[in-house]
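Shown next: protein_22.txt, containing compact mmCIF, C-alpha atoms.
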# COMPACT_ATOMS: atom_id res chain seq x y z
CA MET A 114 132.36 82.05 122.05
CA GLU A 115 131.74 80.45 118.65
CA GLN A 116 133.18 76.95 118.30
CA LEU A 117 135.58 76.09 115.50
CA ALA A 118 134.75 73.46 112.90
CA PRO A 119 136.69 70.19 113.42
CA HIS A 120 139.03 70.83 110.48
CA GLU A 121 139.73 74.37 111.72
CA LYS A 122 140.81 73.04 115.09
CA ILE A 123 143.51 70.77 113.74
CA PHE A 124 144.68 72.21 110.39
CA VAL A 125 148.42 72.96 110.51
CA ASP A 126 149.66 75.59 108.06
CA SER A 127 152.75 74.56 106.09
CA ALA A 128 154.05 78.09 106.69
CA ILE A 129 155.20 76.89 110.10
CA ALA A 130 158.20 75.39 108.31
CA GLU A 131 159.31 78.94 107.55
CA ASP A 132 159.17 79.98 111.21
CA GLU A 133 162.81 80.73 111.97
CA ASN A 134 162.37 79.80 115.62
CA HIS A 135 160.03 76.79 115.53
CA GLY A 136 160.15 75.61 111.92
CA GLU A 137 162.98 73.12 112.39
CA ILE A 138 161.41 71.44 115.40
CA GLY A 139 159.72 68.16 114.49
CA CYS A 140 156.16 67.54 115.67
CA ASN A 141 157.32 64.53 117.69
CA GLU A 142 159.91 66.59 119.56
CA CYS A 143 157.09 68.30 121.44
CA HIS A 144 154.10 66.00 121.06
CA GLY A 145 155.76 62.56 121.05
CA GLY A 146 154.73 59.75 118.76
CA ASN A 147 156.83 57.98 116.13
CA PRO A 148 157.33 59.78 112.78
CA ASN A 149 159.05 56.73 111.31
CA GLU A 150 156.05 54.45 111.77
CA PRO A 151 154.02 54.07 108.51
CA ASP A 152 150.85 53.00 110.32
CA TRP A 153 149.22 56.28 111.41
CA LYS A 154 147.53 54.71 114.42
CA LYS A 155 150.80 53.35 115.74
CA ALA A 156 152.60 56.56 114.78
CA HIS A 157 150.26 58.49 117.08
CA GLU A 158 150.66 56.24 120.09
CA GLY A 159 151.84 58.29 123.05
CA VAL A 160 151.01 61.62 121.41
CA VAL A 161 150.42 64.40 123.96
CA LYS A 162 147.88 67.03 122.92
CA ASP A 163 149.30 69.84 125.07
CA PRO A 164 152.95 69.17 125.98
CA THR A 165 153.11 72.48 127.83
CA TYR A 166 150.74 71.44 130.64
CA PRO A 167 151.27 70.97 133.51
CA ASP A 168 155.05 71.29 133.04
CA PRO A 169 156.31 73.17 129.97
CA SER A 170 160.01 72.85 130.82
CA GLU A 171 160.73 70.11 128.28
CA ALA A 172 158.66 71.53 125.43
CA CYS A 173 159.50 75.21 125.90
CA GLY A 174 162.25 75.46 128.50
CA SER A 175 165.30 74.96 126.30
CA CYS A 176 164.62 78.27 124.53
CA HIS A 177 162.27 80.12 126.88
CA ASP A 178 163.79 79.26 130.24
CA ASP A 179 163.17 82.71 131.77
CA ASN A 180 159.45 82.45 131.03
CA VAL A 181 159.10 78.77 131.90
CA LYS A 182 161.04 78.49 135.16
CA ASN A 183 158.31 80.13 137.24
CA SER A 184 155.31 78.96 135.22
CA LYS A 185 154.08 76.58 137.93
CA THR A 186 153.37 79.59 140.12
CA SER A 187 151.41 81.40 137.42
CA LEU A 188 147.86 81.64 138.71
CA HIS A 189 146.63 80.81 135.20
CA VAL A 190 148.40 77.47 135.43
CA SER A 191 148.04 76.56 139.10
CA LEU A 192 144.61 78.03 139.93
CA SER A 193 145.94 77.78 143.48
CA PRO A 194 143.62 80.44 144.97
CA PHE A 195 140.64 78.20 144.14
CA LYS A 196 142.01 75.40 146.30
CA LYS A 197 143.09 77.72 149.10
CA MET A 198 139.73 79.44 149.35
CA ILE A 199 137.73 76.22 149.14
CA ASP A 200 140.01 74.52 151.67
CA LEU A 201 139.36 77.33 154.14
CA ARG A 202 135.62 76.84 153.81
CA ALA A 203 135.72 73.04 153.70
CA SER A 204 134.89 70.71 156.59
CA ASP A 205 137.66 69.70 158.98
CA ASP A 206 136.42 66.11 158.65
CA LYS A 207 138.93 64.42 156.32
CA THR A 208 136.31 62.24 154.65
CA LEU A 209 134.05 65.21 153.87
CA HIS A 210 137.05 67.29 152.83
CA SER A 211 138.11 64.60 150.33
CA LYS A 212 134.62 64.72 148.79
CA VAL A 213 134.93 68.48 148.41
CA ASP A 214 138.32 67.98 146.76
CA GLU A 215 136.78 65.52 144.33
CA ALA A 216 134.12 68.06 143.41
CA ARG A 217 136.63 70.89 143.11
CA ASN A 218 138.91 68.86 140.86
CA GLY A 219 135.97 67.93 138.68
CA HIS A 220 134.36 71.34 138.36
CA CYS A 221 136.76 74.13 139.37
CA THR A 222 140.05 73.27 137.65
CA SER A 223 139.06 73.10 133.99
CA CYS A 224 139.75 76.78 133.31
CA HIS A 225 143.53 76.51 133.68
CA SER A 226 145.78 77.78 130.92
CA SER A 227 149.26 76.88 129.70
CA CYS A 228 151.95 78.15 127.34
CA GLY A 229 150.27 76.29 124.49
CA GLN A 230 146.77 77.40 125.40
CA CYS A 231 147.78 81.04 125.08
CA HIS A 232 150.31 81.10 122.27
CA ILE A 233 149.20 78.24 119.99
CA SER A 234 145.62 77.23 120.70
CA ARG A 235 142.44 78.40 122.30
CA PRO A 236 142.05 77.28 125.92
CA GLU A 237 140.58 73.80 126.34
CA SER A 238 137.87 75.18 128.61
CA VAL A 239 136.30 76.92 125.59
CA GLY A 240 136.64 74.04 123.17
CA GLY A 241 140.29 74.33 122.15
CA GLY A 242 141.43 74.48 118.56
CA LEU A 243 144.49 76.06 116.97
CA LEU A 244 144.59 79.87 116.90
CA GLU A 245 146.33 80.33 113.55
CA ASN A 246 146.91 76.82 112.21
CA HIS A 247 149.67 76.17 114.78
CA LEU A 248 151.60 79.34 113.91
CA PHE A 249 152.99 80.63 117.21
CA GLN A 250 151.50 83.87 118.51
CA LYS A 251 153.90 85.99 120.55
CA ASN A 252 151.01 88.25 121.57
CA PRO A 253 147.90 86.07 122.00
CA PRO A 254 144.76 87.50 120.38
CA MET A 255 142.64 89.07 123.11
CA ASN A 256 139.26 87.87 121.82
CA LYS A 257 140.36 84.25 121.31
CA VAL A 258 142.40 83.79 124.47
CA CYS A 259 141.84 86.40 127.19
CA THR A 260 138.12 87.00 126.88
CA ALA A 261 137.51 83.45 125.71
CA CYS A 262 137.91 82.48 129.38
CA HIS A 263 137.16 85.80 131.05
CA GLY A 264 133.98 86.39 129.10
CA SER A 265 130.99 86.50 131.40
CA ARG A 266 132.39 89.29 133.55
CA ILE A 267 135.47 91.00 132.14
CA GLU A 268 134.60 90.87 128.44
CA LYS A 269 131.10 92.22 128.97
CA GLU A 270 132.36 94.92 131.31
CA TYR A 271 135.31 95.96 129.16
CA PHE A 272 133.47 95.96 125.84
CA GLY A 273 130.30 97.53 127.21
CA LYS A 274 128.14 94.47 126.58
CA ASN A 275 126.14 94.84 129.79
CA LYS A 276 122.90 96.62 128.92
CA GLY A 277 123.04 100.31 129.72
CA ILE A 278 126.69 100.26 130.85
CA PRO A 279 129.28 101.93 128.58
CA PRO A 280 132.60 100.22 127.77
CA ASP A 281 135.74 100.78 129.77
CA ILE A 282 137.44 104.06 128.94
CA HIS A 283 140.64 102.10 128.25
CA LYS A 284 138.82 100.04 125.62
CA GLU A 285 137.83 103.28 123.89
CA LYS A 286 141.53 104.11 123.83
CA TYR A 287 142.17 100.71 122.16
CA PHE A 288 144.02 99.15 125.08
CA LYS A 289 144.56 95.41 124.80
CA CYS A 290 144.73 93.27 127.94
CA SER A 291 148.52 93.11 127.61
CA LYS A 292 148.78 96.88 128.00
CA CYS A 293 148.22 96.42 131.74
CA HIS A 294 148.70 92.68 132.24
CA LYS A 295 152.32 92.16 131.24
CA ALA A 296 153.98 88.88 130.33
CA GLU A 297 155.88 88.87 133.62
CA GLU A 298 152.59 88.71 135.52
CA MET A 299 151.15 86.00 133.28
CA HIS A 300 154.24 83.79 133.45
CA GLY A 301 154.55 83.81 137.25
CA ASP A 302 157.41 85.04 139.41
CA GLY A 303 158.19 81.94 141.47
CA LYS A 304 156.11 83.01 144.46
CA GLU A 305 152.89 81.45 145.70
CA TYR A 306 150.00 83.87 146.21
CA ALA A 307 146.72 83.47 148.05
CA ASN A 308 144.91 85.61 145.47
CA ARG A 309 145.60 87.72 142.39
CA TYR A 310 145.68 90.94 144.38
CA GLU A 311 148.85 89.82 146.16
CA VAL A 312 150.78 89.38 142.91
CA GLU A 313 153.68 91.80 143.17
CA ASN A 314 154.00 92.61 139.48
CA GLY A 315 150.27 92.94 138.88
CA PRO A 316 148.94 96.18 137.37
CA LYS A 317 148.28 99.32 139.41
CA CYS A 318 146.44 102.44 138.28
CA ILE A 319 149.39 104.62 139.26
CA ASP A 320 151.63 102.70 136.85
CA CYS A 321 150.16 105.00 134.21
CA HIS A 322 148.49 107.71 136.28
CA LYS A 323 151.71 108.56 138.08
CA ASN A 324 150.85 112.16 138.91
CA ILE A 325 147.27 111.59 140.00
CA ASN A 326 148.03 112.71 143.56
CA ASP A 327 150.17 115.64 142.51
CA GLU A 328 148.76 118.91 143.86
CA LYS A 329 149.02 120.42 140.38
CA SER A 330 147.09 117.65 138.64
CA SER A 331 143.45 117.92 137.61
CA ASN A 332 141.04 116.94 140.38
CA ALA A 333 143.99 117.03 142.76
CA LYS A 334 141.85 117.93 145.78
CA GLN A 335 139.50 114.98 145.32
CA HIS A 336 142.33 112.52 144.79
CA LEU A 337 144.31 113.73 147.79
CA VAL A 338 141.27 113.70 150.08
CA HIS A 339 140.38 110.14 149.11
CA LYS A 340 143.92 108.75 148.82
CA ASP A 341 144.29 105.52 150.83
CA ARG A 342 140.67 105.87 151.96
CA VAL A 343 138.81 104.56 148.92
CA SER A 344 139.98 102.47 145.99
CA CYS A 345 140.05 103.96 142.50
CA ASN A 346 137.16 101.69 141.50
CA VAL A 347 134.87 103.17 144.15
CA CYS A 348 134.78 106.41 142.22
CA HIS A 349 135.44 105.17 138.69
CA SER A 350 133.68 101.82 138.22
CA MET A 351 130.20 101.25 136.86
CA PRO A 352 127.75 98.48 137.89
CA TYR A 353 129.11 94.98 137.29
CA LYS A 354 127.94 91.37 137.29
CA ASN A 355 127.32 89.54 140.57
CA CYS A 356 126.44 85.83 140.67
CA TYR A 357 124.65 83.88 143.39
CA ALA A 358 124.37 80.27 144.61
CA CYS A 359 126.33 78.03 142.24
CA HIS A 360 125.56 74.31 142.56
CA VAL A 361 127.59 71.64 140.75
CA GLY A 362 126.82 68.01 140.00
CA LYS A 363 126.44 65.33 137.34
CA ASP A 364 123.43 64.43 135.23
CA LYS A 365 122.05 60.91 134.69
CA LEU A 366 124.64 60.24 131.98
CA GLY A 367 127.50 61.36 134.20
CA TYR A 368 128.10 64.69 132.48
CA LYS A 369 129.24 67.47 134.80
CA PHE A 370 127.17 70.62 135.10
CA PHE A 371 126.85 73.76 137.16
CA LYS A 372 123.91 76.03 137.75
CA THR A 373 123.72 79.46 139.37
CA LYS A 374 120.57 80.75 140.99
CA THR A 375 120.73 84.27 139.60
CA SER A 376 123.04 87.04 138.40
CA THR A 377 122.56 90.78 138.70
CA LEU A 378 124.21 94.04 137.71
CA GLU A 379 125.06 95.85 140.93
CA PHE A 380 127.58 98.29 142.37
CA LYS A 381 128.47 97.90 146.03
CA ILE A 382 131.02 99.62 148.23
CA GLY A 383 132.15 97.69 151.29
CA LEU A 384 134.96 97.40 153.80
CA ASN A 385 138.27 96.17 152.42
CA PRO A 386 138.66 92.43 153.17
CA LEU A 387 142.28 92.39 151.96
CA LYS A 388 143.62 95.49 153.64
CA SER A 389 147.40 95.65 153.42
CA LYS A 390 150.29 98.00 152.80
CA LYS A 391 149.69 97.52 149.07
CA ARG A 392 145.91 98.05 149.42
CA PRO A 393 145.39 100.32 152.43
CA GLU A 394 141.95 101.63 151.42
CA LYS A 395 139.11 101.40 153.89
CA PHE A 396 136.38 101.32 151.23
CA VAL A 397 136.54 99.17 148.08
CA THR A 398 134.19 97.77 145.47
CA LEU A 399 132.88 94.29 146.28
CA ARG A 400 131.55 91.63 143.93
CA HIS A 401 129.34 88.74 145.03
CA ILE A 402 130.78 85.36 144.07
CA PRO A 403 128.48 82.37 143.56
CA VAL A 404 129.76 80.10 146.35
CA ASP A 405 126.97 78.74 148.54
CA GLN A 406 126.71 76.42 151.54
CA GLY A 407 125.27 73.83 149.16
CA THR A 408 127.65 74.32 146.23
CA PHE A 409 129.00 70.76 146.58
CA LYS A 410 125.88 69.16 148.05
CA PHE A 411 125.68 66.70 145.14
CA TYR A 412 128.91 65.16 146.46
CA THR A 413 128.48 65.52 150.22
CA ASP A 414 126.30 67.20 152.82
CA ASN A 415 127.93 69.93 154.90
CA GLY A 416 131.12 69.81 152.83
CA LEU A 417 131.62 73.54 153.37
CA ALA A 418 131.17 73.36 157.14
CA ASN A 419 133.46 76.39 157.59
CA PHE A 420 131.57 78.46 155.04
CA ASP A 421 131.53 81.57 157.26
CA LYS A 422 135.33 81.88 157.37
CA LEU A 423 135.34 83.94 154.17
CA PRO A 424 132.95 86.55 152.77
CA THR A 425 130.85 85.91 149.70
CA TRP A 426 131.32 89.57 148.80
CA LYS A 427 134.95 89.84 147.65
CA LEU A 428 137.25 92.68 146.68
CA CYS A 429 136.89 93.39 142.97
CA THR A 430 138.38 95.69 140.38
CA PRO A 431 135.79 95.80 137.58
CA HIS A 432 136.98 96.40 134.03
CA ASN A 433 134.44 99.13 133.31
CA ILE A 434 136.35 102.25 134.35
CA ARG A 435 134.97 105.67 133.43
CA LYS A 436 136.30 109.10 134.28
CA SER A 437 132.80 110.31 135.15
CA THR A 438 130.35 108.00 136.90
CA PRO A 439 127.02 108.44 138.70
CA GLN A 440 128.72 108.20 142.09
CA ASN A 441 131.39 110.84 141.40
CA LYS A 442 129.13 113.35 139.69
CA THR A 443 129.06 115.33 142.94
CA CYS A 444 130.39 114.62 146.42
CA ASN A 445 126.92 113.87 147.72
CA SER A 446 126.19 111.50 144.88
CA CYS A 447 128.16 109.09 147.04
CA HIS A 448 128.19 110.54 150.55
CA GLU A 449 125.22 109.28 152.54
CA ASN A 450 123.89 107.43 149.49
CA THR A 451 123.15 104.17 151.28
CA ASP A 452 122.14 102.46 148.02
CA LEU A 453 125.80 102.33 147.05
CA PHE A 454 127.06 100.72 150.25
CA LEU A 455 126.84 97.07 151.26
CA LEU A 456 124.61 97.21 154.32
CA GLU A 457 123.34 94.43 156.55
CA LYS A 458 119.89 94.73 154.94
CA ASP A 459 121.40 93.83 151.56
CA ILE A 460 122.49 90.37 152.70
CA LYS A 461 120.38 87.28 153.17
CA GLN A 462 120.42 85.84 156.66
CA GLU A 463 122.27 82.66 155.64
CA TYR A 464 125.17 84.74 154.29
CA LEU A 465 125.31 87.34 157.04
CA ASN A 466 127.91 85.77 159.34
CA ALA A 467 130.28 85.20 156.43
CA ASN A 468 130.11 88.86 155.40
CA ARG A 469 130.23 90.75 158.71
CA LYS A 470 133.80 91.94 158.05
CA VAL A 471 132.85 93.62 154.78
CA VAL A 472 129.41 95.01 155.66
CA VAL A 473 129.40 98.78 156.20
CA PRO A 474 127.72 99.82 159.48
CA LEU A 475 125.29 102.69 158.97
CA ASP A 476 127.34 105.01 161.17
CA MET A 477 130.36 104.47 158.87
CA VAL A 478 128.61 105.62 155.71
CA PRO A 479 130.25 108.97 154.85
CA LYS A 480 128.14 111.96 155.81
CA LYS A 481 126.99 114.61 153.39
CA VAL A 482 129.35 117.49 152.79
CA SER A 483 128.91 121.10 151.81
CA GLU A 484 129.74 121.52 148.15
What do you get writing this file as structure tokens?
Amino acid sequence: MEQLAPHEKIFVDSAIAEDENHGEIGCNECHGGNPNEPDWKKAHEGVVKDPTYPDPSEACGSCHDDNVKNSKTSLHVSLSPFKKMIDLRASDDKTLHSKVDEARNGHCTSCHSSCGQCHISRPESVGGGLLENHLFQKNPPMNKVCTACHGSRIEKEYFGKNKGIPPDIHKEKYFKCSKCHKAEEMHGDGKEYANRYEVENGPKCIDCHKNINDEKSSNAKQHLVHKDRVSCNVCHSMPYKNCYACHVGKDKLGYKFFKTKTSTLEFKIGLNPLKSKKRPEKFVTLRHIPVDQGTFKFYTDNGLANFDKLPTWKLCTPHNIRKSTPQNKTCNSCHENTDLFLLEKDIKQEYLNANRKVVVPLDMVPKKVSE
């Protein structure tokens, strides 16, 4: 997204003094420093740019205790799934594992958020800068906060920015992110989760489409036949972005960089890698993530010695939902259409072992039906 000019990043509007909730709080009460020191350099000694990260309890907790008490378990703050997934793939050798940790900390933890980086400023990972001159935003602006970080996939899917793919039907109905992703989900619930799909108060289609499986509802037969067999996205998503082979490192000046080999717009149905009571479906949409055996090669050889423990095609719920899609036009638009399913032939040899649990065997591809 477009960067702010330096003065735009730091200008504080005097109107904050009129904020009935935050106006009487002195700058130093959150950020530190010494307001009684006439020398500006000395006055700014000890100033903390974001006093809400990693622990917002002192800056926000006295008034917002219910939101703050579980914030450490918010996936936006902890990014804990990143560590868990990389740890599973990493070498059992402690020396190699420590090198992988060094790389992960340097390249995979910069996209965290915080109370301040949602409600006061843009996230640091996209350049930072105050949202509205330090005026507090109860409902963060979607385009400056949500899609500022979630831009390459979700923004382009949701807003229809991928060539030839229409926007999400919910965008056409003017849904903001917060319509589905409530504050309770964003703020954490005190529980540690292995991935976002385990989050108990995360959004579900049936939160709004409560009667979708009612025999009297429209398309009742199709929904009842496919209930618990295929995910909603299998029928209602459009092609989405898939990235391959990310490598990270540092240039000659020590600046960190990452580079992916390629990205494509694809739609693939595979076997559910996270099958559970909450997600019982056999078939789900899968997205290729850019992890590679050599992702951390700059830091150590064979750092991801257990690479095959997890698939590179992961469960996904693309934000490009449409009521009518190419695959649900007729029953046989999907049934026996092998182009839609993740087959062994679609996977490069070096990734095959990692993805055996999600690959669809040919004899499991649904047969054609009489329509």
- Query: Nearest to A:Ala296 among A:Ser223, A:Ser184, A:Asn441, A:Ser234, with distances taken over all atoms listed in the file: which residue is it?
  - Reply: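 When distances to A:Ala296 are compared using all atoms listed in the file, the smallest one comes from A:Ser184.
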- Please provide as a ChimeraX atom specification all residues within 12 Å of A:Gly242, with the sequence filter that same-chain residues fewer than 5 positions apart are discarded (counting only C-alpha atoms). /A:115-125,162-163,229-237,247,257-258
- Task: Do a neighbour search on A:Phe420 at 8 Å with all atoms listed in the file, toss out local chain neighbours closer than 6 positions, and write the hits as a list in words.
- Result: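 Contacts, in chain order: Leu201, Arg202, Ala203, Asp405, Gln406 and Ala467 of chain A.
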Selection file, C-alpha atoms, as a CSV table (one decimal), in the frame of the given file:
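So the final result, stored in part25.csv, reads:
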chain,number,residue,atom,x,y,z
A,201,LEU,CA,139.4,77.3,154.1
A,202,ARG,CA,135.6,76.8,153.8
A,203,ALA,CA,135.7,73.0,153.7
A,405,ASP,CA,127.0,78.7,148.5
A,406,GLN,CA,126.7,76.4,151.5
A,467,ALA,CA,130.3,85.2,156.4
- Can you work out the spacing between atom CA of A:Cys444 and atom CA of A:Asn332 in Å, to one decimal?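 These atoms are spaced 12.5 Å apart.
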- Item | Nearest candidate to A:Val213 (options A:Tyr306, A:Phe396, A:Tyr287, A:Phe409; using all atoms listed in the file) |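 Of A:Tyr306, A:Phe396, A:Tyr287, A:Phe409, the one nearest A:Val213 is A:Phe409, counting all atoms listed in the file.
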- Might you pull out every residue within 9 Å of A:Gly303, with only C-alpha atoms counted and same-chain residues fewer than 4 positions away left off, and present them as a ChimeraX atom specification? /A:182-187
Incomplete stretch 144-159 of chain A filled out to N, CA and C atoms as a PDB file, in the frame of the given file:
ATOM      1  N   HIS A 144     155.325  66.760 120.819  1.00  0.00           N
ATOM      2  CA  HIS A 144     154.100  66.000 121.060  1.00  0.00           C
ATOM      3  C   HIS A 144     154.323  64.506 121.243  1.00  0.00           C
ATOM      4  N   GLY A 145     155.529  63.996 120.964  1.00  0.00           N
ATOM      5  CA  GLY A 145     155.760  62.560 121.050  1.00  0.00           C
ATOM      6  C   GLY A 145     155.253  61.849 119.811  1.00  0.00           C
ATOM      7  N   GLY A 146     155.115  60.531 119.925  1.00  0.00           N
ATOM      8  CA  GLY A 146     154.730  59.750 118.760  1.00  0.00           C
ATOM      9  C   GLY A 146     155.951  59.276 117.993  1.00  0.00           C
ATOM     10  N   ASN A 147     155.728  58.567 116.910  1.00  0.00           N
ATOM     11  CA  ASN A 147     156.830  57.980 116.130  1.00  0.00           C
ATOM     12  C   ASN A 147     156.680  58.363 114.659  1.00  0.00           C
ATOM     13  N   PRO A 148     157.455  59.328 114.176  1.00  0.00           N
ATOM     14  CA  PRO A 148     157.330  59.780 112.780  1.00  0.00           C
ATOM     15  C   PRO A 148     157.833  58.758 111.764  1.00  0.00           C
ATOM     16  N   ASN A 149     158.521  57.736 112.222  1.00  0.00           N
ATOM     17  CA  ASN A 149     159.050  56.730 111.310  1.00  0.00           C
ATOM     18  C   ASN A 149     158.112  55.536 111.130  1.00  0.00           C
ATOM     19  N   GLU A 150     157.011  55.545 111.844  1.00  0.00           N
ATOM     20  CA  GLU A 150     156.050  54.450 111.770  1.00  0.00           C
ATOM     21  C   GLU A 150     155.045  54.722 110.640  1.00  0.00           C
ATOM     22  N   PRO A 151     154.935  53.837 109.638  1.00  0.00           N
ATOM     23  CA  PRO A 151     154.020  54.070 108.510  1.00  0.00           C
ATOM     24  C   PRO A 151     152.540  53.940 108.874  1.00  0.00           C
ATOM     25  N   ASP A 152     152.236  53.143 109.875  1.00  0.00           N
ATOM     26  CA  ASP A 152     150.850  53.000 110.320  1.00  0.00           C
ATOM     27  C   ASP A 152     150.473  54.200 111.175  1.00  0.00           C
ATOM     28  N   TRP A 153     149.499  55.005 110.725  1.00  0.00           N
ATOM     29  CA  TRP A 153     149.220  56.280 111.410  1.00  0.00           C
ATOM     30  C   TRP A 153     148.729  56.067 112.832  1.00  0.00           C
ATOM     31  N   LYS A 154     148.005  54.967 113.063  1.00  0.00           N
ATOM     32  CA  LYS A 154     147.530  54.710 114.420  1.00  0.00           C
ATOM     33  C   LYS A 154     148.704  54.443 115.357  1.00  0.00           C
ATOM     34  N   LYS A 155     149.627  53.639 114.909  1.00  0.00           N
ATOM     35  CA  LYS A 155     150.800  53.350 115.740  1.00  0.00           C
ATOM     36  C   LYS A 155     151.699  54.583 115.853  1.00  0.00           C
ATOM     37  N   ALA A 156     151.759  55.358 114.768  1.00  0.00           N
ATOM     38  CA  ALA A 156     152.600  56.560 114.780  1.00  0.00           C
ATOM     39  C   ALA A 156     152.133  57.558 115.839  1.00  0.00           C
ATOM     40  N   HIS A 157     150.824  57.536 116.126  1.00  0.00           N
ATOM     41  CA  HIS A 157     150.260  58.490 117.080  1.00  0.00           C
ATOM     42  C   HIS A 157     150.194  57.966 118.513  1.00  0.00           C
ATOM     43  N   GLU A 158     150.660  56.765 118.729  1.00  0.00           N
ATOM     44  CA  GLU A 158     150.660  56.240 120.090  1.00  0.00           C
ATOM     45  C   GLU A 158     151.578  57.082 120.979  1.00  0.00           C
ATOM     46  N   GLY A 159     151.053  57.476 122.113  1.00  0.00           N
ATOM     47  CA  GLY A 159     151.840  58.290 123.050  1.00  0.00           C
ATOM     48  C   GLY A 159     151.837  59.777 122.758  1.00  0.00           C
TER      49      GLY A 159
END
